[in-house]
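Undergrad: One structure coming up, written as structure tokens, with questions to follow.
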Amino acid sequence: MARITLIEAVTMALAWEMEHDDSVIVLGEDVGVNGGVFRATAGLQQRFGPDRVMDTPLAESMIAGMSIGMAAQGMKPVAEIQFMGFIYPTVDQMINHAGRLRNRTRGRLHVPMVLRAPFGGGIHAPEHHSESTEALFAHMPGVRVVIPSSPRRAYGLLLAAIRDPDPVVFLEPKRIYRLQKQEVEDNGEALPLDTCYILREGEDVTIVTWGAMTFETLKAAEELDKEGISAEVIDLATISPMDLDTILESVEKTGRLVIVHEAAKSCGVGAEVAAGVAEKGIWDLKAPIVRVTGYDTVMPLFRLEYEYLPSVARIIDGVKKTFED
């Protein structure tokens with residue numbers, strides 16, 4: 001069993017599915033000869049040829065539009081957008097066509113495409129390279145939004161995304177692309193979409209997070225444990241549609257909820273988690289819900305990006321607020 005990074009798990013999943021399904025096509029800027037800006041597609045063009053791993057012009061709207069057309073005609077395109085800050089030209093295609101085609105044709109056509117993009121801060125990138133705007137895509141009916149948090153999760157969830165009959169936006173937390181290694185068996189087994197994953201069980205407080213912030217959250221949970229606070233950590237994994245039932249079950253047990261994400265606070269996915277628990281589980285809460293998030297501003301340049309991102313200390317402070325009278 002290979003011990004690999006998250007980015008290597010993405011490559012492994014792409015290779016498995018291309019090997020076993022001739023309809024899978026990879027396309028994007030520099031994904032072929034150069035193997036992608038982060039090397040996610042390294043070696044795939046040499047292995048599967050330029051007809052299945054295609055370099056495209058610098059035209060994100062075209063990449064999404066071409067993927068929608070190919071998907072509607074029976075192929076399974078996996079398109080790469082180099083950074084989430086460049087993904088906005090695809091919004092028109094995704095909201096007006098990818099998410100609606102099944103409904104528009106009353107089920108005659110569907111769009112089994114994946115739109116991959118690295119997202120989030122923490123690598124000292126310039127402007128437009130560190131956005132966390134997953135909520136934009138979570139607003140789109142008919143579009144799944146999936147975010148892995150580890151190599152094992154990336155492998156299984158990407159396989160599931162490629163096999164899904166509907167469009168999936170697959171956002172990869174680039175800060176942890178090479179931060180850890182896990183043993184990942186290359187066996188083609190997908191993980192279920194639309195479900196949360198409990199990363200750590202606890203009794204006193206529920207912490208919901210996703211993507212790269214799972215690292216700081218798990219570290220905070222370890223520190224809280226030393227102080228006698230047992231935190232249950234939930235990885236949301238599929239942002240939309242959301243598995244609220246798992247969160248409600250956890251809150252019923254712990255009575256407290258803290259939500260951690262690096263996107264801006266206002267209108268973020270965390271607000272949806274909080275609203276869902278307020279609507280269906282408010283009588284289980286012993287304290288107000290707390291959100292620990294990025295700020296309502298553009299992601300700052302590298303000298304300040306760790307002032308923007310939630311830290312272990314901020315998460316611990318957020319948890320302790322739920323224990324105040």
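By convention here, the chains of the structure tokens are called A, B, ... in the order presented, each chain's residues are numbered starting at 1, and ligands are numbered starting at 1 in the order presented.
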May I have the residues within 8 Å of region 153-165 of chain A as an NGL selection string, using only C-alpha atoms and disregarding those fewer than 5 positions away in the same chain?
TA: :A and (6 or 9-10 or 12-14 or 17 or 76 or 78 or 110-114 or 146 or 148 or 170 or 184 or 188-193)
Undergrad: Neighbours of Pro300 (chain A) within 12 Å (only C-alpha atoms; same-chain residues fewer than 2 positions away dropped), as a list in words?
TA: Gly120, Gly121, Gly122, Ile123, His124, Ala125, Pro126, Glu127, His128, His129, Ser130, Glu131, Ala264, Gly294, Tyr295, Asp296, Thr297, Val298, Phe302, Arg303, Leu304, Glu305, Tyr306, Glu307, Tyr308 and Leu309 of chain A
Undergrad: Just want the 12 Å neighbourhood of Leu115 (chain A), counted on only C-alpha atoms, with same-chain residues fewer than 6 positions away dropped. Output as a count of residues only.
TA: 44
Undergrad: Which residue gives the smallest distance to Glu134 (chain A) among A:Arg108, A:Lys253, A:His261, A:Arg291, with only C-alpha atoms counted?
TA: A:His261
Undergrad: With distances taken over only C-alpha atoms, which of A:Ser311, A:Thr105, A:Ala117, A:Ser132 is nearest to Met299 (chain A)?
TA: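 Among A:Ser311, A:Thr105, A:Ala117, A:Ser132, it is A:Ser132 that comes nearest to Met299 (chain A).
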Undergrad: Using only C-alpha atoms, which residues sit within 6 Å of region 197-211 of chain A once same-chain residues fewer than 2 positions away are excluded, as a VMD selection string?
TA: chain A and resid 147 to 149 173 213 to 214 230 to 237 254 256 to 261
Undergrad: Could you pull out the alpha helix (DSSP H) residues of region 4-173 of chain A, going by DSSP on the backbone, and write them as a PyMOL selection string?
TA: chain A and resi 6-20+44-48+60-72+91-93+101-104+134-138+151-163
Undergrad: Those residues you just picked out, can you put them in a file as a PDB file, in the first residue's frame with C-alpha atoms?
TA:
ATOM      1  CA  LEU A   6      -3.079  14.439  -0.963  1.00  0.00           C
ATOM      2  CA  ILE A   7      -1.916  15.661  -4.382  1.00  0.00           C
ATOM      3  CA  GLU A   8      -0.530  12.203  -5.181  1.00  0.00           C
ATOM      4  CA  ALA A   9      -3.881  10.717  -4.165  1.00  0.00           C
ATOM      5  CA  VAL A  10      -5.606  12.979  -6.702  1.00  0.00           C
ATOM      6  CA  THR A  11      -3.236  11.741  -9.412  1.00  0.00           C
ATOM      7  CA  MET A  12      -3.779   8.132  -8.354  1.00  0.00           C
ATOM      8  CA  ALA A  13      -7.556   8.444  -8.501  1.00  0.00           C
ATOM      9  CA  LEU A  14      -7.449  10.076 -11.938  1.00  0.00           C
ATOM     10  CA  ALA A  15      -5.153   7.348 -13.260  1.00  0.00           C
ATOM     11  CA  TRP A  16      -7.334   4.550 -11.852  1.00  0.00           C
ATOM     12  CA  GLU A  17     -10.497   5.895 -13.377  1.00  0.00           C
ATOM     13  CA  MET A  18      -8.884   6.651 -16.748  1.00  0.00           C
ATOM     14  CA  GLU A  19      -7.479   3.121 -16.810  1.00  0.00           C
ATOM     15  CA  HIS A  20     -10.887   1.559 -16.153  1.00  0.00           C
ATOM     16  CA  LEU A  44      -1.100  11.190 -17.297  1.00  0.00           C
ATOM     17  CA  GLN A  45      -0.641  12.528 -20.840  1.00  0.00           C
ATOM     18  CA  GLN A  46       2.391  10.305 -21.347  1.00  0.00           C
ATOM     19  CA  ARG A  47       0.350   7.314 -20.135  1.00  0.00           C
ATOM     20  CA  PHE A  48      -3.022   7.979 -21.769  1.00  0.00           C
ATOM     21  CA  GLU A  60     -11.781  29.043 -17.971  1.00  0.00           C
ATOM     22  CA  SER A  61     -15.289  29.646 -19.334  1.00  0.00           C
ATOM     23  CA  MET A  62     -14.387  27.587 -22.386  1.00  0.00           C
ATOM     24  CA  ILE A  63     -12.971  24.794 -20.202  1.00  0.00           C
ATOM     25  CA  ALA A  64     -16.236  24.545 -18.266  1.00  0.00           C
ATOM     26  CA  GLY A  65     -18.397  24.910 -21.383  1.00  0.00           C
ATOM     27  CA  MET A  66     -16.475  22.264 -23.294  1.00  0.00           C
ATOM     28  CA  SER A  67     -16.726  19.929 -20.298  1.00  0.00           C
ATOM     29  CA  ILE A  68     -20.494  20.402 -20.151  1.00  0.00           C
ATOM     30  CA  GLY A  69     -20.801  19.635 -23.856  1.00  0.00           C
ATOM     31  CA  MET A  70     -18.647  16.515 -23.618  1.00  0.00           C
ATOM     32  CA  ALA A  71     -20.519  15.312 -20.528  1.00  0.00           C
ATOM     33  CA  ALA A  72     -23.892  15.783 -22.214  1.00  0.00           C
ATOM     34  CA  VAL A  91     -19.812  30.400 -12.848  1.00  0.00           C
ATOM     35  CA  ASP A  92     -21.999  31.315 -15.839  1.00  0.00           C
ATOM     36  CA  GLN A  93     -21.487  27.887 -17.393  1.00  0.00           C
ATOM     37  CA  LEU A 101     -29.336  20.491 -18.019  1.00  0.00           C
ATOM     38  CA  ARG A 102     -30.915  17.441 -16.371  1.00  0.00           C
ATOM     39  CA  ASN A 103     -33.952  19.474 -15.310  1.00  0.00           C
ATOM     40  CA  ARG A 104     -34.100  21.420 -18.590  1.00  0.00           C
ATOM     41  CA  GLU A 134     -17.095  27.442  -1.809  1.00  0.00           C
ATOM     42  CA  ALA A 135     -20.386  29.056  -0.758  1.00  0.00           C
ATOM     43  CA  LEU A 136     -20.758  30.477  -4.292  1.00  0.00           C
ATOM     44  CA  PHE A 137     -21.089  26.985  -5.738  1.00  0.00           C
ATOM     45  CA  ALA A 138     -23.120  25.694  -2.791  1.00  0.00           C
ATOM     46  CA  PRO A 151      -5.000  11.766   0.997  1.00  0.00           C
ATOM     47  CA  ARG A 152      -7.365   8.865   1.721  1.00  0.00           C
ATOM     48  CA  ARG A 153     -10.391  11.127   1.497  1.00  0.00           C
ATOM     49  CA  ALA A 154      -9.121  12.754  -1.715  1.00  0.00           C
ATOM     50  CA  TYR A 155      -8.701   9.388  -3.443  1.00  0.00           C
ATOM     51  CA  GLY A 156     -12.098   7.997  -2.489  1.00  0.00           C
ATOM     52  CA  LEU A 157     -14.109  11.174  -2.920  1.00  0.00           C
ATOM     53  CA  LEU A 158     -12.588  12.023  -6.315  1.00  0.00           C
ATOM     54  CA  LEU A 159     -13.458   8.543  -7.605  1.00  0.00           C
ATOM     55  CA  ALA A 160     -17.022   9.063  -6.367  1.00  0.00           C
ATOM     56  CA  ALA A 161     -17.162  12.523  -7.957  1.00  0.00           C
ATOM     57  CA  ILE A 162     -16.058  11.205 -11.366  1.00  0.00           C
ATOM     58  CA  ARG A 163     -18.662   8.408 -11.203  1.00  0.00           C
TER      59      ARG A 163
END
Undergrad: So, with only C-alpha atoms as the atoms that count, which of A:Pro141, A:Leu285, A:Asp245, A:Thr293 lies closest to Thr322 (chain A)?
TA: A:Leu285
Undergrad: Which of these, A:Pro89, A:Tyr177, A:Met54, A:Gly268, has the shortest distance to Val24 (chain A) once you count only C-alpha atoms?
TA: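 Going through A:Pro89, A:Tyr177, A:Met54, A:Gly268 one by one, the smallest distance to Val24 (chain A) is for A:Met54.
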Undergrad: Please return, as a PyMOL selection string, all residues of region 59-248 of chain A that DSSP assigns to strand (DSSP E or B) on the basis of the backbone.
TA: chain A and resi 76-80+114-119+144-146+168-173+182-184+197-200+205-209+231-235+238-240
Undergrad: Might you pull out every residue within 9 Å of Val273 (chain A), with only C-alpha atoms counted and same-chain residues fewer than 3 positions away left off, and present them as a PyMOL selection string?
TA: chain A and resi 208+242+244+247+259+269-270+276-278
